[in-house]
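Quick notes on the structure that follows.
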Amino acid sequence: MEWGEGGSRFAGAMGRSVGVLWLWLLLLVGIWGYAGWHWWNGFPVETDLSSLLPTEEQDPWRKIAKDAVLKEISSRITLLVGHEDGASARAAAQRLRQALEQTGMIVPDLPAPETAKELASLYFPHRNSLLSDADRRALLDKREERPLVARTLGQLFGLAGTVDSRLLAQDPFFLLPSFLLHLPTPSRRLTRVAGELQTTGEGKTWILVSGKLTGSPYATAFQQPFMTAWTTATTEAKQHWPSVQFLRMGAIFYAQAGTEQAIGDSSRIAGVSLLLTVLLFVVTFRGLQPLLFSLFAIANGLAAGFVVCLILFDHLHAVVLLLGSTLIGVAVDYSLFYFTQSFSTRAAPAARLAKTQVGLLLGMLTTLLGYACLAVSPFPGLYQAALFSMAGLLASFLTVVILFPRWDRTPLQTMPSFLLFLVEWLARPWVDKAPARRRLLVGTLLLLALAGVGRFAVDDDIRRQQQPSPLLQEEQKRVQQLTGWGQTTQFFLVEGKDDEEALQRQESLADRLFQMVADGVLESWFGTARFVPSRHRQEENRQLVSARLGSAGLAALHEQTGLTFVLPPTPPHYLTLDHLFAAGTIPLLRETRLQDPDTGRIGHLIFLVGLQQVESLRRGTEGLEGVRFVDPSADFSTLLGRYRERALVLLSLAVLLTMPMLIGRYGWRQGLRAMLPPLTSCVLTPFLLALVGIPFSFFSAIALVLVFSAGIDYTVFCAEAGYPDPPMLAGVCLAALTALFSFGLLAWSQTAAMQAFGGAMFIGVVIALLLAPAAMGTPRSRDA
C-alpha cells in the first residue's frame with residue numbers, strides 16, 4: 001500500500017471518528033487543567049547550564065569530587081556591607097545577617113571569634129608535632145636551629161618583643177604560635193574589629209557577611225523566597241542608613257538573574273514570534289478563522305509539551321523554555337499547509353486535508369524522528385527539550401487533522417500579491433528551462449561557504465556559552481578586590497585508602513605548592529593537611545624537634561639567656577582529623593573530606609586561592625601518586641566537544657532513518673533529490689556561521705538536526721506538489737517565515753548558547769527554503 005493511500009485512510013479515520021474527536025477533546029481538557037494548575041503554583045525552573053550535560057566520568061572519584069566542590073561553592077554567599085562610618089557599617093551588617101538567618105535559608109559558615117583560642121587549646125598538647133613549613137624547612141632542609149633560636153631571643157630582648165612567660169616555659173621556640181600564624185585564613189585583608197571581619201576601601205568600611213545556603217541555589221522554589229528576604233532586608237537597611245552599600249557574590253544571585261533572563265527571553269521571543277505569526281496570518285488569509293484555529297493548535301502544542309515535561313521531570317530547565325518558545329514556528333506549519341489550500345479550488349475541508357494529509361503525516365514523522373534522535377542522546381537537557389517538542393508537535397498535528405476538518409468554514413480566496421511574489425521568486429530558478437538562475441543561486445551559496453572556510457573555528461568553552469549578569473560580575477570583582485579572595489573552581493583531589501595515606505600524599509603535594517606560591521603561580525591553598533599533619537609527619541616533626549632543638553637549640557638559648565628551658569613533653573597519641581572535626585572549629589574542613597560509599601576509600605579536596613597560572617600548576621604537580629588536578633570548566637568544555645561530535649552522528653542517524661521513508665514514497669531518484677536540499681543546508685550552515693563570526697559549537701551542531709528536519713518538511717511538500725503548485729509552495733514559504741520568526745529570533749537571545757543555536761537555525765532554514773523547490777521533479781497525478 002502506497003503512502004498516499006495509507007495517509008488517506010489515516011486522515012479519514014481521524015477526521016470522521018466521533019470517538020476520536022471526543023477522546024481528543026477530553027485529553028485537551030486534562031492537559032489544560034494540569035498546565036493551568038502548575039502555572040498558578042509556579043513552574044520549577046532550573047538555570048544551571050551544566051545540568052544540561054550528561055555525567056560521563058570513567059572515574060567515579062572524579063565525579064564525586066566535582067559534585068562536592070560545585071555544591072560547596074554554589075551553596076555559599078559572600079556579602080559586603082559598606083558605609084563611611086564603621087559603626088554604621090557594622091550595625092547594618094548585623095541587621096542584614098540577622099534578617100537572613102532568621103529565614104532559615106542561610107547558616108553561618110565563618111569561624112567564630114573564639115576559634116583561635118579553641119584551636120590553640122586543641123593544638124597545645126601536640127605543639128612539638130606541629131611545625132610550620134618555614135620551621136620544618138629550617139630544621140630539615142638547612143639542618144640548623146639558629147632561625148628558631150633567634151626568634152625566641154627576639155621575643156625576649158627585641159624592642160617589639162612581647163613574650164608570655166608561661167608560653168615561653170612550655171614552648172620555648174614558639175613552635176605553636178608559628179604554626180597557627182601560617183594556617184590558611186579567609187583573607188589577609190580582613191581584620192576582626194568588634195567581633196566583625198572588616199576591610200576598608202573606596203572610602204568606606206566594609207563588613208563581611210557570609211553564609212551557607214540551606215537549599216539549592218538553582219531551584220526557583222528556594223530562589224524566590226531568598227531574593228524576597230534579601231530585597232526586604234537591604235531595603236530596610238537603606239531606610240535606616242541611606243548611604244549604605246551592598247555587594248554580592250554567590251551562585252544564587254547569578255542563578256536568579258539567569259532565571260529572570262531566561263523567562264524574559266522566552267517571553268519576548270514567544271511574544272514577538274506570536275505577534276509576527278499573527279500578523280502573517282492576518283495579512284495572508286484576511287480573516288480570523290485561520291488565525292484562531294492556528295493559535296488553538298499552537299497553544300495545545302505548548303500546553304502538551306509543558307505537561308509531559310512536568311509529569312516526567314520535577315523541573316523545567318530555562319533552556320527548555322527557550323526551545324519550547326520556538327515550537328510555535330514548527331507547530332504552525334500544519335495549520336499553514338492546511339489553510340493555504342484555500343488558495344486552490346478545494347472548498348471542502350475534507351478535500352483540503354486529503355491534499356495535504358500525506359505531506360503533513362510524512363513531515364510530522366520526519367520532524368519527530370529528528371527530535372527522537374535528540375531524545376536518545378545522553379543529555380538530560382536535550383532529552384527534556386526533545387520530549388517537550390515531540391509532545392507539542394504531536395498535539396498540534398492531531399488538533400489539525402481531527403478538529404480542523406470538522407470546524408473549518410474558510411472560503412476560497414485569491415493568494416495575496418506579496419505571497420504570490422514570494423512563490424514565483426522561490427520557484428523561478430527551478431522551473432526555468434535555462435539553468436542560469438539555478439547556477440547563480442547554488443554558486444553564490446558555495447562561494448559564501450568557501451569564504452567562511454578560512455574563518456571556521458570550533459569553540460566548546462562552556463564559560464563562553466553563558467552570559468552572566470554584568471552587574472553581578474562587577475560586584476563580584478569588587479568583593480574579590482576588597483577581600484583579596486580569588487574564588488576558583490579548580491581543585492586537587494587526593495585519594496587514599498584511609499586518612500593517613502591521603503594526608504601523606506597531600507603533604508607531598510604541599511611541598512610543591514609552597515614553591516609555587518613563592519613563584520607566583522597561586523596565592524595559597526586550603527586543605528586538611530595544613531591543619532592536621534599525617535601521623536608519619538607528626539612523628540618526623542617530633543624527631544626533628546628532639547634532634548635539632550633538644551640539644552643544640554636549648555644549649556644556644558641557655559648560653560644567650562642564662563635560663564634553662566625544656567622541650568614540651570611528647571603526647572601519648574597523635575592529633576587526628578576526627579579530633580578537629582569533633583571540635584567543630586572550622587566547619588569547612590569537614591566538607592573537604594569525602595568517602596566512597598562503595599569502597600570506603602578516602603578523598604581529600606584541596607581548594608586553591610588566587611590561582612594565576614593554571615598550566616604551570618598542572619605541569620608542576622604531575623607524577624604525584626593519588627593526586628589529581630581537576631578543572632570542572634575544562635572538563636565540561638571537553639565534554640561539550642565530545643558531544644558536539646556525537647550530535648553530528650545523531651544528524652547522520654536522522655539522515656539514514658529518513659532516507660527509506662523518502663525512497664519508499666518517491667522512489668530512488670526522486671527520494672535522493674528530496675534529500676539533497678536539507679543535507680546541503682546542513683553542510684553549508686557552519687561555514688556561513690563562521691562568515692558572520694559565530695564559531696561552531698555543540699549548540700550549533702544540535703541546531704543542524706532541526707535544520708535537517710525543517711528542510712525535510714519543505715522538500716516533502718515540494719515533492720508532493722510535483723510541479724509548481726502555488727498553494728503548496730505558499731505553505732512552504734509561510735512555514736519557513738514562521739520558523740525564522742521563532743528559531744531565528746533566538747539569535748537575539750542574551751544567552752550565548754541560544755545565540756549560536758538561533759544563528760544556525762536562521763541560516764539553515766533560509767538555505768533549506770531556497771533549495772527546497774529542487775525536489776519538485778516531474779508533474780504528479782496525486783491531486784485529490
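Going by the C-alpha cells order, chains are called A, B, ..., each with residues numbered from 1, while ligands are numbered from 1 in the order shown.
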
List every residue of segment 194-236 of chain A that has an atom at most 10 Å from any atom of segment 471-480 of chain A, giving for each one its closest atom pair and the distance in Å to one decimal, counting only C-alpha atoms, sorted by chain and then by ascending residue number, as a tab-separated table.
residue	atom	partner	partner_atom	distance
A:Gly201	CA	A:Arg478	CA	9.8
A:Glu202	CA	A:Arg478	CA	9.8
A:Trp206	CA	A:Val479	CA	9.7
A:Leu208	CA	A:Val479	CA	9.6

Atoms to include: all heavy atoms. Write the selected residues as a PDB file, in the first residue's frame.
ATOM      1  N   GLY A 201      38.148  50.312  51.975  1.00  0.00           N
ATOM      2  CA  GLY A 201      38.404  50.577  50.571  1.00  0.00           C
ATOM      3  C   GLY A 201      37.287  51.417  49.992  1.00  0.00           C
ATOM      4  O   GLY A 201      36.155  51.432  50.498  1.00  0.00           O
ATOM      5  N   GLU A 202      37.599  52.144  48.933  1.00  0.00           N
ATOM      6  CA  GLU A 202      36.620  53.005  48.258  1.00  0.00           C
ATOM      7  C   GLU A 202      36.026  54.038  49.219  1.00  0.00           C
ATOM      8  O   GLU A 202      34.879  54.458  49.070  1.00  0.00           O
ATOM      9  CB  GLU A 202      35.493  52.170  47.631  1.00  0.00           C
ATOM     10  CG  GLU A 202      35.975  51.136  46.634  1.00  0.00           C
ATOM     11  CD  GLU A 202      34.849  50.294  46.052  1.00  0.00           C
ATOM     12  OE1 GLU A 202      33.675  50.572  46.393  1.00  0.00           O
ATOM     13  OE2 GLU A 202      35.137  49.381  45.251  1.00  0.00           O
ATOM     14  N   TRP A 206      34.013  48.170  55.117  1.00  0.00           N
ATOM     15  CA  TRP A 206      33.200  47.068  54.590  1.00  0.00           C
ATOM     16  C   TRP A 206      33.185  45.930  55.598  1.00  0.00           C
ATOM     17  O   TRP A 206      34.231  45.474  56.043  1.00  0.00           O
ATOM     18  CB  TRP A 206      33.757  46.575  53.263  1.00  0.00           C
ATOM     19  CG  TRP A 206      33.719  47.600  52.179  1.00  0.00           C
ATOM     20  CD1 TRP A 206      34.703  48.485  51.851  1.00  0.00           C
ATOM     21  CD2 TRP A 206      32.633  47.860  51.283  1.00  0.00           C
ATOM     22  NE1 TRP A 206      34.311  49.281  50.815  1.00  0.00           N
ATOM     23  CE2 TRP A 206      33.045  48.927  50.433  1.00  0.00           C
ATOM     24  CE3 TRP A 206      31.374  47.309  51.106  1.00  0.00           C
ATOM     25  CZ2 TRP A 206      32.231  49.439  49.433  1.00  0.00           C
ATOM     26  CZ3 TRP A 206      30.554  47.817  50.098  1.00  0.00           C
ATOM     27  CH2 TRP A 206      30.969  48.863  49.285  1.00  0.00           C
ATOM     28  N   LEU A 208      32.072  41.995  56.409  1.00  0.00           N
ATOM     29  CA  LEU A 208      31.796  40.732  55.726  1.00  0.00           C
ATOM     30  C   LEU A 208      30.601  40.030  56.361  1.00  0.00           C
ATOM     31  O   LEU A 208      30.548  39.845  57.575  1.00  0.00           O
ATOM     32  CB  LEU A 208      33.026  39.817  55.800  1.00  0.00           C
ATOM     33  CG  LEU A 208      32.859  38.427  55.170  1.00  0.00           C
ATOM     34  CD1 LEU A 208      32.690  38.530  53.666  1.00  0.00           C
ATOM     35  CD2 LEU A 208      34.060  37.546  55.512  1.00  0.00           C
TER      36      LEU A 208
END

Spatial neighbours of segment 715-722 of chain A, max dist 9 Å, only C-alpha atoms, sep filter under 4 positions, as a VMD selection string: chain A and resid 337 356 358 to 360 362 to 363 662 666 670 to 671 673 to 675 677 to 678 710 to 711 726 728 to 729 731 to 732 768 to 769 771 to 783

What's the 10 Å shell around segment 629-637 of chain A, counting only C-alpha atoms, without same-chain residues fewer than 3 positions away, as an NGL selection string? :A and (50 or 53-57 or 62-63 or 65-67 or 69-70 or 459-465 or 488-494 or 606 or 614 or 617-619 or 621-622 or 640-643 or 698)

Output C-alpha atoms of each residue in that selection to a file, as a PDB file, in the first residue's frame.
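What landed in again13.pdb:
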ATOM      1  CA  SER A  50      25.955  22.284  33.405  1.00  0.00           C
ATOM      2  CA  LEU A  53      25.219  17.941  30.209  1.00  0.00           C
ATOM      3  CA  PRO A  54      25.493  14.213  30.759  1.00  0.00           C
ATOM      4  CA  THR A  55      27.578  12.740  33.514  1.00  0.00           C
ATOM      5  CA  GLU A  56      30.306  10.841  31.750  1.00  0.00           C
ATOM      6  CA  GLU A  57      33.101  10.082  34.140  1.00  0.00           C
ATOM      7  CA  ARG A  62      36.354  12.450  39.980  1.00  0.00           C
ATOM      8  CA  LYS A  63      32.579  12.748  39.709  1.00  0.00           C
ATOM      9  CA  ALA A  65      34.727  15.257  43.991  1.00  0.00           C
ATOM     10  CA  LYS A  66      33.359  17.596  41.309  1.00  0.00           C
ATOM     11  CA  ASP A  67      29.826  17.266  42.630  1.00  0.00           C
ATOM     12  CA  VAL A  69      33.091  21.051  45.137  1.00  0.00           C
ATOM     13  CA  LEU A  70      30.426  22.554  42.895  1.00  0.00           C
ATOM     14  CA  ASP A 459      34.515  26.772  20.379  1.00  0.00           C
ATOM     15  CA  ASP A 460      33.398  24.356  23.100  1.00  0.00           C
ATOM     16  CA  ASP A 461      34.302  26.513  26.102  1.00  0.00           C
ATOM     17  CA  ILE A 462      31.258  26.348  28.362  1.00  0.00           C
ATOM     18  CA  ARG A 463      32.219  29.636  30.000  1.00  0.00           C
ATOM     19  CA  ARG A 464      31.543  31.427  26.709  1.00  0.00           C
ATOM     20  CA  GLN A 465      28.180  29.703  26.289  1.00  0.00           C
ATOM     21  CA  THR A 488      38.220  29.409  41.611  1.00  0.00           C
ATOM     22  CA  THR A 489      36.501  26.144  40.754  1.00  0.00           C
ATOM     23  CA  GLN A 490      39.770  24.270  40.113  1.00  0.00           C
ATOM     24  CA  PHE A 491      40.941  21.982  42.897  1.00  0.00           C
ATOM     25  CA  PHE A 492      43.056  18.949  43.733  1.00  0.00           C
ATOM     26  CA  LEU A 493      41.643  15.564  44.612  1.00  0.00           C
ATOM     27  CA  VAL A 494      43.934  13.471  46.834  1.00  0.00           C
ATOM     28  CA  ILE A 606      42.432  20.918  48.163  1.00  0.00           C
ATOM     29  CA  VAL A 614      46.710  27.008  35.531  1.00  0.00           C
ATOM     30  CA  LEU A 617      50.199  24.360  38.299  1.00  0.00           C
ATOM     31  CA  ARG A 618      49.097  21.367  36.263  1.00  0.00           C
ATOM     32  CA  ARG A 619      52.596  20.612  34.982  1.00  0.00           C
ATOM     33  CA  THR A 621      52.115  18.720  40.155  1.00  0.00           C
ATOM     34  CA  GLU A 622      52.250  15.858  37.659  1.00  0.00           C
ATOM     35  CA  LEU A 640      30.809  19.607  25.012  1.00  0.00           C
ATOM     36  CA  GLY A 641      33.359  18.945  22.289  1.00  0.00           C
ATOM     37  CA  ARG A 642      32.858  15.219  22.554  1.00  0.00           C
ATOM     38  CA  TYR A 643      29.102  15.555  22.297  1.00  0.00           C
ATOM     39  CA  PHE A 698      27.721  21.908  20.365  1.00  0.00           C
TER      40      PHE A 698
END

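In terms of minimum interatomic distance to Thr585 of chain A, A:Glu118 ranks closest within A:Glu500, A:Glu424, A:Glu539, A:Glu118, counting only C-alpha atoms.
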
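Nearest residue to Arg286 of chain A, choosing from A:Pro411, A:Leu168, A:Gly550, A:Gln504 and counting only C-alpha atoms: A:Pro411.
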
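Across A:Leu624, A:Val517, A:Ala138, A:Leu213, the tightest approach to Glu72 of chain A is made by A:Leu213 when counting only C-alpha atoms.
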
Taken to one decimal, the atom CA of Phe757 of chain A-atom CA of Phe222 of chain A distance is 29.8 Å

Give one line per residue of segment 173-266 of chain A that approaches segment 93-104 of chain A to at most 8 Å, naming the two atoms of the closest pair and their distance in Å to one decimal, counting only C-alpha atoms; sort by chain then ascending residue number and deliver it as a tab-separated table.
residue	atom	partner	partner_atom	distance
A:Ile207	CA	A:Ala93	CA	6.3
A:Leu208	CA	A:Ala93	CA	7.5
A:Val209	CA	A:Arg97	CA	6.4
A:Thr214	CA	A:Gly104	CA	7.4
A:Ala229	CA	A:Leu100	CA	6.6
A:Trp230	CA	A:Leu100	CA	7.0
A:Ala233	CA	A:Leu96	CA	5.8
A:Thr234	CA	A:Leu96	CA	6.9
A:Ala237	CA	A:Leu96	CA	7.3

Please write the residues from the selection above to a file, keeping C-alpha atoms, as a short mmCIF file (atom, residue, chain, number, x, y, z; two decimals), in the first residue's frame.
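Once written, result.cif looks like this:
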data_model
loop_
_atom_site.label_atom_id
_atom_site.label_comp_id
_atom_site.auth_asym_id
_atom_site.auth_seq_id
_atom_site.Cartn_x
_atom_site.Cartn_y
_atom_site.Cartn_z
CA ILE A 207 31.82 44.34 56.87
CA LEU A 208 31.80 40.73 55.73
CA VAL A 209 28.53 38.79 55.92
CA THR A 214 20.22 25.55 53.22
CA ALA A 229 14.17 38.20 52.02
CA TRP A 230 17.31 39.78 50.53
CA ALA A 233 16.44 43.23 54.36
CA THR A 234 18.51 45.55 52.15
CA ALA A 237 18.73 48.76 55.98
#

Using only C-alpha atoms, which residues of segment 372-430 of chain A come within 6 Å of segment 289-308 of chain A, and what is the closest atom pair for each, with the distance in Å to one decimal? Give it as CSV, sorted by chain and residue number.
residue,atom,partner,partner_atom,distance
A:Phe388,CA,A:Gly305,CA,4.1
A:Ala391,CA,A:Gly305,CA,5.1
A:Gly392,CA,A:Gly301,CA,3.7
A:Leu393,CA,A:Gly301,CA,5.9
A:Ala395,CA,A:Gly301,CA,5.0
A:Ser396,CA,A:Ala297,CA,4.8
A:Thr399,CA,A:Ala297,CA,5.7

Can you tell me which residues surround segment 507-510 of chain A at a distance of at most 12 Å, considering only C-alpha atoms, apart from same-chain residues fewer than 2 positions away, and format the answer as a ChimeraX atom specification? /A:132-133,492-495,500-505,512-517,524-538,604-606,608,617-618,620-629

Take the residues from that selection and put them in a file with C-alpha atoms, as a short mmCIF file (atom, residue, chain, number, x, y, z; two decimals), in the first residue's frame.
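After the write, part30.cif holds the following:
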data_model
loop_
_atom_site.label_atom_id
_atom_site.label_comp_id
_atom_site.auth_asym_id
_atom_site.auth_seq_id
_atom_site.Cartn_x
_atom_site.Cartn_y
_atom_site.Cartn_z
CA SER A 132 55.02 25.44 60.10
CA ASP A 133 56.58 24.95 56.69
CA PHE A 492 43.06 18.95 43.73
CA LEU A 493 41.64 15.56 44.61
CA VAL A 494 43.93 13.47 46.83
CA GLU A 495 42.92 9.84 47.23
CA GLU A 500 46.64 8.69 56.86
CA GLU A 501 47.57 7.79 53.29
CA ALA A 502 45.59 10.74 51.91
CA LEU A 503 47.31 13.15 54.33
CA GLN A 504 50.76 11.85 53.40
CA ARG A 505 50.02 12.31 49.70
CA ARG A 512 55.43 21.61 45.57
CA LEU A 513 52.64 24.09 46.26
CA PHE A 514 54.77 26.06 48.71
CA GLN A 515 57.32 26.57 45.97
CA MET A 516 54.60 27.60 43.51
CA VAL A 517 53.32 30.19 45.96
CA SER A 524 47.52 29.92 48.78
CA TRP A 525 45.51 26.75 49.23
CA PHE A 526 43.22 25.19 51.77
CA GLY A 527 43.41 21.55 52.79
CA THR A 528 43.21 19.28 55.81
CA ALA A 529 46.97 18.56 55.94
CA ARG A 530 47.66 22.22 56.72
CA PHE A 531 45.61 21.83 59.90
CA VAL A 532 46.38 18.23 60.86
CA PRO A 533 49.60 16.59 59.60
CA SER A 534 49.70 12.87 58.99
CA ARG A 535 50.86 10.64 61.85
CA HIS A 536 54.01 9.99 59.84
CA ARG A 537 54.69 13.72 59.53
CA GLN A 538 53.94 14.31 63.21
CA HIS A 604 40.62 14.93 50.36
CA LEU A 605 39.86 18.14 48.47
CA ILE A 606 42.43 20.92 48.16
CA LEU A 608 43.03 26.82 45.57
CA LEU A 617 50.20 24.36 38.30
CA ARG A 618 49.10 21.37 36.26
CA GLY A 620 54.25 21.25 38.33
CA THR A 621 52.11 18.72 40.15
CA GLU A 622 52.25 15.86 37.66
CA GLY A 623 53.56 12.48 38.73
CA LEU A 624 52.28 12.52 42.32
CA GLU A 625 50.60 9.26 43.24
CA GLY A 626 46.93 9.60 44.15
CA VAL A 627 46.87 13.35 43.32
CA ARG A 628 44.73 14.73 40.50
CA PHE A 629 44.17 18.27 39.34
#

Can you list every residue in segment 486-674 of chain A that DSSP puts in helix (DSSP H, G or I), as a count of residues only? 112

Distance table requested - segment 138-237 of chain A against segment 257-276 of chain A, cut-off 12 Å, only C-alpha atoms: one row per qualifying residue with the closest atom pair and its distance in Å to one decimal, ordered by chain and rising residue number, as JSON lines.
{"residue": "A:Pro217", "atom": "CA", "partner": "A:Thr259", "partner_atom": "CA", "distance": 11.0}
{"residue": "A:Tyr218", "atom": "CA", "partner": "A:Thr259", "partner_atom": "CA", "distance": 8.7}
{"residue": "A:Ala219", "atom": "CA", "partner": "A:Thr259", "partner_atom": "CA", "distance": 9.6}
{"residue": "A:Thr220", "atom": "CA", "partner": "A:Thr259", "partner_atom": "CA", "distance": 8.0}
{"residue": "A:Ala221", "atom": "CA", "partner": "A:Thr259", "partner_atom": "CA", "distance": 11.7}
{"residue": "A:Gln223", "atom": "CA", "partner": "A:Thr259", "partner_atom": "CA", "distance": 9.4}
{"residue": "A:Gln224", "atom": "CA", "partner": "A:Thr259", "partner_atom": "CA", "distance": 10.3}
{"residue": "A:Met227", "atom": "CA", "partner": "A:Ala257", "partner_atom": "CA", "distance": 10.4}

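Comparing the minimum interatomic distances between Gly584 of chain A and each of A:Leu119, A:Leu316, A:Leu704, A:Leu176, counting only C-alpha atoms, we find that A:Leu119 sits nearest.
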
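Of the listed residues (A:Asp408, A:Gln755, A:Phe699, A:Ala760), A:Phe699 comes nearest to Gly381 of chain A; the distances count only C-alpha atoms.
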
List as number ranges by chain the protein and nucleic acid residues near segment 78-87 of chain A, meaning an atom at most 8 Å away when only C-alpha atoms are counted, but skip any in the same chain fewer than 4 places from it. A: 91-93, 203-211, 243-250, 479
